[in-house]
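Beneath this line is the structure, given in structure tokens, with notes to follow.
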Amino acid sequence: MFSVIDVRRWARVLPSVAAGMALAGCNLIEFSPNDHRVPEEFTNLTEKNLARLAAKPLAPGDTLRFIFTGDSQQFYDEAEALVASANQQLGISFLVVAGDISDFGLAREMQWVDEKLRRLTVPYVTVIGNHDLVGNGRPTYQHIFGAFNYSFVYGNTKFIMVDTNGREYNFDGTAPDMAWLRPQLANADGARRKVVISHVPPTNDDFDPALRLPYVQALRETPGLVFEMNGHNHSYSITQPYNDGVTYVNSDAFSERHYMVVTVWGDKQFRIKRVKF
Amino acid sequence: MKTLLLSALLLTGLRAAAITPPDTTATGPGKTAAAAGRSARPWYRPTHLALQTGGGLGMVATGAGYEYAKGHIDTDILIGYVPKHYAGSTLSLASLKFLYSPFRLPVGEKFQVTPLTVGAYFSYTHGTINDELKGQYASDYYWFSTDTRYGPLLGSRVTFLAPPIAATGQPRKISFYYELGSNDLYLASYLNNRNGGLGFGQLLTLALGLKADF
């Protein structure tokens, strides 16, 4: 079956093949699926995407339009289709994924999702979801995407991204971090409108029950709040569950093969178009 | 249960690692001595020590193993370590590997190539940050385990045959191996995307290691 010469050749070649593979992908040598060693291009993605966004400011008076979606977890086929569809939309400034980027809180998953979403013609931003916090997801998300709570201003609108995955902290009163959120809601940073985006909606059992009322109340008292947006439910809805004038928007998951094109103008006018892909 | 398993693996690994190789400079060769030396080995004494990096089993993993079926089957027990710098918390991993190598090819007198080794591993990780407190989730809230991983392995080995131990006549060998592997979660992700959403290469991990018989 094998001649001695073949074998000798293999014996010579095998170590160099192995060494070549080691060089080709150092992260092929995975210490643990829970380690977060990824190439530099897959780190600090939030900061990098926001820098791309800031480089293309919206002209004053232009209507702000973005794509809203959530829960990309394990839906790589759908991610490809979503990107292809989103790239056909005109006048879009960015795309938002409302948490659960990954399913298991693993670095490779976050890298795989980024490999899909970086093919968007626009930048994208994320907020952390409960699945992103599993295992060593906390330092992993921090390393690959960035802060769990952050805000940015674009198109005269302040976007406030907040971690509401209370159950992942065993409802210890830290998520949502109201001490961070309250001043964020109070200060418009020069914008006309505000939008709050988080993963777990306050109506859900995975939201810290002790913080539900303070959160809902803080939103109700926020001037210029267009709406609050969530993922987690894998189901599209636009409701006012507390009958207090605050609109809550829930995204489809990637698996539902729908996303929303959200248009915002005026003080707090908006239009949402659900798009099938 | 998890703790029990971990401590059992740890104990076996430590006991194996604590056994030092016999004195190789001793004299007095002979077939009878060899036979006596080998049969005198207690049944639980490992046949080899192992040291590896990667494969999802640690930045460094070390342990011991047993050979059965004339060297066609290996069982390795490894204790692995990942520093906090790379994972956000210090991880210790206890792993069990089963390997089957159907054939070996001699290359000269001093080398042997094992072109194909197939197998599977099971690992338990201690030290993850968020791995479920009592009552944190309803049962089956997450369908997967954070700390228990398993997956297939496929690799090769090059073995250097050292001169036998003079005192006992026991053959000695040192092997370099590599193993390509994956885990249950990566494979599940692949299988849930049948339209090519993930490439097979994206699932792979690589382990490089050494095995020394003693």
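Residues in the structure tokens are named by chain (A, B, ... in the order shown) and by number from 1 within that chain; ligands are numbered from 1 in the order shown.
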| chain A residues near chain B (6 Å cut-off, only C-alpha atoms) as an NGL selection string | :A and (28-33 or 35-36 or 74 or 76-77 or 134-136 or 139 or 170)
Selected residues written out with C-alpha atoms, as a PDB file, in the first residue's frame:
ATOM      1  CA  LEU A  28      -6.419  27.242  15.454  1.00  0.00           C
ATOM      2  CA  ILE A  29      -4.487  26.214  18.556  1.00  0.00           C
ATOM      3  CA  GLU A  30      -7.435  26.946  20.778  1.00  0.00           C
ATOM      4  CA  PHE A  31      -6.662  26.855  24.497  1.00  0.00           C
ATOM      5  CA  SER A  32     -10.344  26.529  25.352  1.00  0.00           C
ATOM      6  CA  PRO A  33     -13.564  27.415  23.508  1.00  0.00           C
ATOM      7  CA  ASP A  35     -10.674  31.702  25.563  1.00  0.00           C
ATOM      8  CA  HIS A  36     -11.047  34.923  23.602  1.00  0.00           C
ATOM      9  CA  GLN A  74     -26.285  30.318  15.402  1.00  0.00           C
ATOM     10  CA  TYR A  76     -25.266  31.906   9.907  1.00  0.00           C
ATOM     11  CA  ASP A  77     -27.200  30.933   6.781  1.00  0.00           C
ATOM     12  CA  VAL A 134     -22.891  32.621  29.301  1.00  0.00           C
ATOM     13  CA  GLY A 135     -19.659  30.992  30.489  1.00  0.00           C
ATOM     14  CA  ASN A 136     -16.836  33.463  29.893  1.00  0.00           C
ATOM     15  CA  PRO A 139     -14.737  39.170  28.985  1.00  0.00           C
ATOM     16  CA  ASN A 170     -28.706  36.249  39.142  1.00  0.00           C
TER      17      ASN A 170
END
| request: Would you list the contacts of Asp76 (chain B) as a PyMOL selection string, taking every protein, DNA or RNA residue within 9 Å and counting only C-alpha atoms, but skipping same-chain residues closer than 6 positions in sequence? | output: chain B and resi 48-50+63-67+95-99
Residues from the last selection, N, CA and C atoms, saved as a CSV table (one decimal), in the first residue's frame:
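Produced file result-v9.csv, reproduced below:
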chain,number,residue,atom,x,y,z
B,48,HIS,N,2.4,5.9,29.5
B,48,HIS,CA,3.1,7.1,28.9
B,48,HIS,C,2.7,8.4,29.6
B,49,LEU,N,3.5,9.4,29.5
B,49,LEU,CA,3.2,10.7,29.9
B,49,LEU,C,2.9,11.6,28.7
B,50,ALA,N,2.1,12.6,28.8
B,50,ALA,CA,1.7,13.4,27.7
B,50,ALA,C,1.8,14.9,28.0
B,63,GLY,N,-0.5,15.1,31.5
B,63,GLY,CA,-1.1,14.0,32.1
B,63,GLY,C,-0.4,12.7,31.7
B,64,ALA,N,-1.2,11.6,31.8
B,64,ALA,CA,-0.7,10.3,31.6
B,64,ALA,C,-1.7,9.5,30.8
B,65,GLY,N,-1.2,8.3,30.3
B,65,GLY,CA,-2.2,7.5,29.6
B,65,GLY,C,-1.8,6.1,29.5
B,66,TYR,N,-2.7,5.3,29.0
B,66,TYR,CA,-2.5,3.9,28.9
B,66,TYR,C,-2.7,3.4,27.4
B,67,GLU,N,-2.0,2.4,27.1
B,67,GLU,CA,-2.0,1.8,25.8
B,67,GLU,C,-2.6,0.4,25.9
B,95,SER,N,-9.5,16.4,31.2
B,95,SER,CA,-9.9,15.8,29.9
B,95,SER,C,-9.6,14.3,29.9
B,96,LEU,N,-10.4,13.7,29.1
B,96,LEU,CA,-10.2,12.2,28.9
B,96,LEU,C,-10.2,12.1,27.3
B,97,LYS,N,-9.2,11.4,26.8
B,97,LYS,CA,-9.1,11.1,25.4
B,97,LYS,C,-9.1,9.7,25.1
B,98,PHE,N,-9.8,9.3,24.0
B,98,PHE,CA,-9.7,7.9,23.5
B,98,PHE,C,-9.3,8.0,22.1
B,99,LEU,N,-8.2,7.2,21.8
B,99,LEU,CA,-7.6,7.3,20.5
B,99,LEU,C,-7.4,5.9,19.9
| Hey, what's within 8 Å of Leu116 (chain B) if we count only C-alpha atoms and toss same-chain stuff fewer than 3 positions away? As a PyMOL selection string, please? | chain B and resi 101-103+154-157
Limited to N, CA and C atoms, could you put the picked residues into a file as a JSON list (two decimals), in the first residue's frame?
[["chain", "number", "residue", "atom", "x", "y", "z"],
["B", 101, "SER", "N", -5.52, 3.96, 16.70],
["B", 101, "SER", "CA", -4.58, 4.08, 15.58],
["B", 101, "SER", "C", -4.50, 2.72, 14.88],
["B", 102, "PRO", "N", -5.14, 2.58, 13.74],
["B", 102, "PRO", "CA", -5.23, 1.26, 13.12],
["B", 102, "PRO", "C", -3.90, 0.70, 12.63],
["B", 103, "PHE", "N", -2.96, 1.55, 12.20],
["B", 103, "PHE", "CA", -1.68, 0.99, 11.73],
["B", 103, "PHE", "C", -0.51, 1.93, 11.97],
["B", 154, "LEU", "N", -8.79, 13.83, 15.12],
["B", 154, "LEU", "CA", -8.18, 13.15, 13.98],
["B", 154, "LEU", "C", -6.75, 13.65, 13.90],
["B", 155, "GLY", "N", -5.79, 12.73, 13.91],
["B", 155, "GLY", "CA", -4.41, 13.21, 13.92],
["B", 155, "GLY", "C", -3.41, 12.20, 13.40],
["B", 156, "SER", "N", -2.16, 12.52, 13.62],
["B", 156, "SER", "CA", -1.04, 11.66, 13.22],
["B", 156, "SER", "C", 0.04, 11.75, 14.28],
["B", 157, "ARG", "N", 0.99, 10.85, 14.16],
["B", 157, "ARG", "CA", 2.03, 10.78, 15.18],
["B", 157, "ARG", "C", 3.34, 10.35, 14.53]]
| So which residues of region 121-171 of chain A fall under strand (DSSP E) by DSSP, listed as a PyMOL selection string? | chain A and resi 124-126+150-154+157-162
With C-alpha atoms kept, could you save the residues just selected as a compact mmCIF listing (two decimals), in the first residue's frame?
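The resulting result22.txt:
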# COMPACT_ATOMS: atom_id res chain seq x y z
CA TYR A 124 -23.39 47.81 12.63
CA VAL A 125 -23.67 48.12 16.39
CA THR A 126 -24.72 45.61 19.03
CA TYR A 150 -22.64 52.81 25.96
CA SER A 151 -24.26 55.63 24.01
CA PHE A 152 -23.63 57.52 20.80
CA VAL A 153 -25.23 60.37 18.91
CA TYR A 154 -26.06 60.05 15.24
CA THR A 157 -30.58 61.11 17.92
CA LYS A 158 -28.90 59.78 21.05
CA PHE A 159 -28.78 55.99 21.12
CA ILE A 160 -28.47 54.51 24.60
CA MET A 161 -27.41 50.85 24.60
CA VAL A 162 -27.90 49.14 27.95
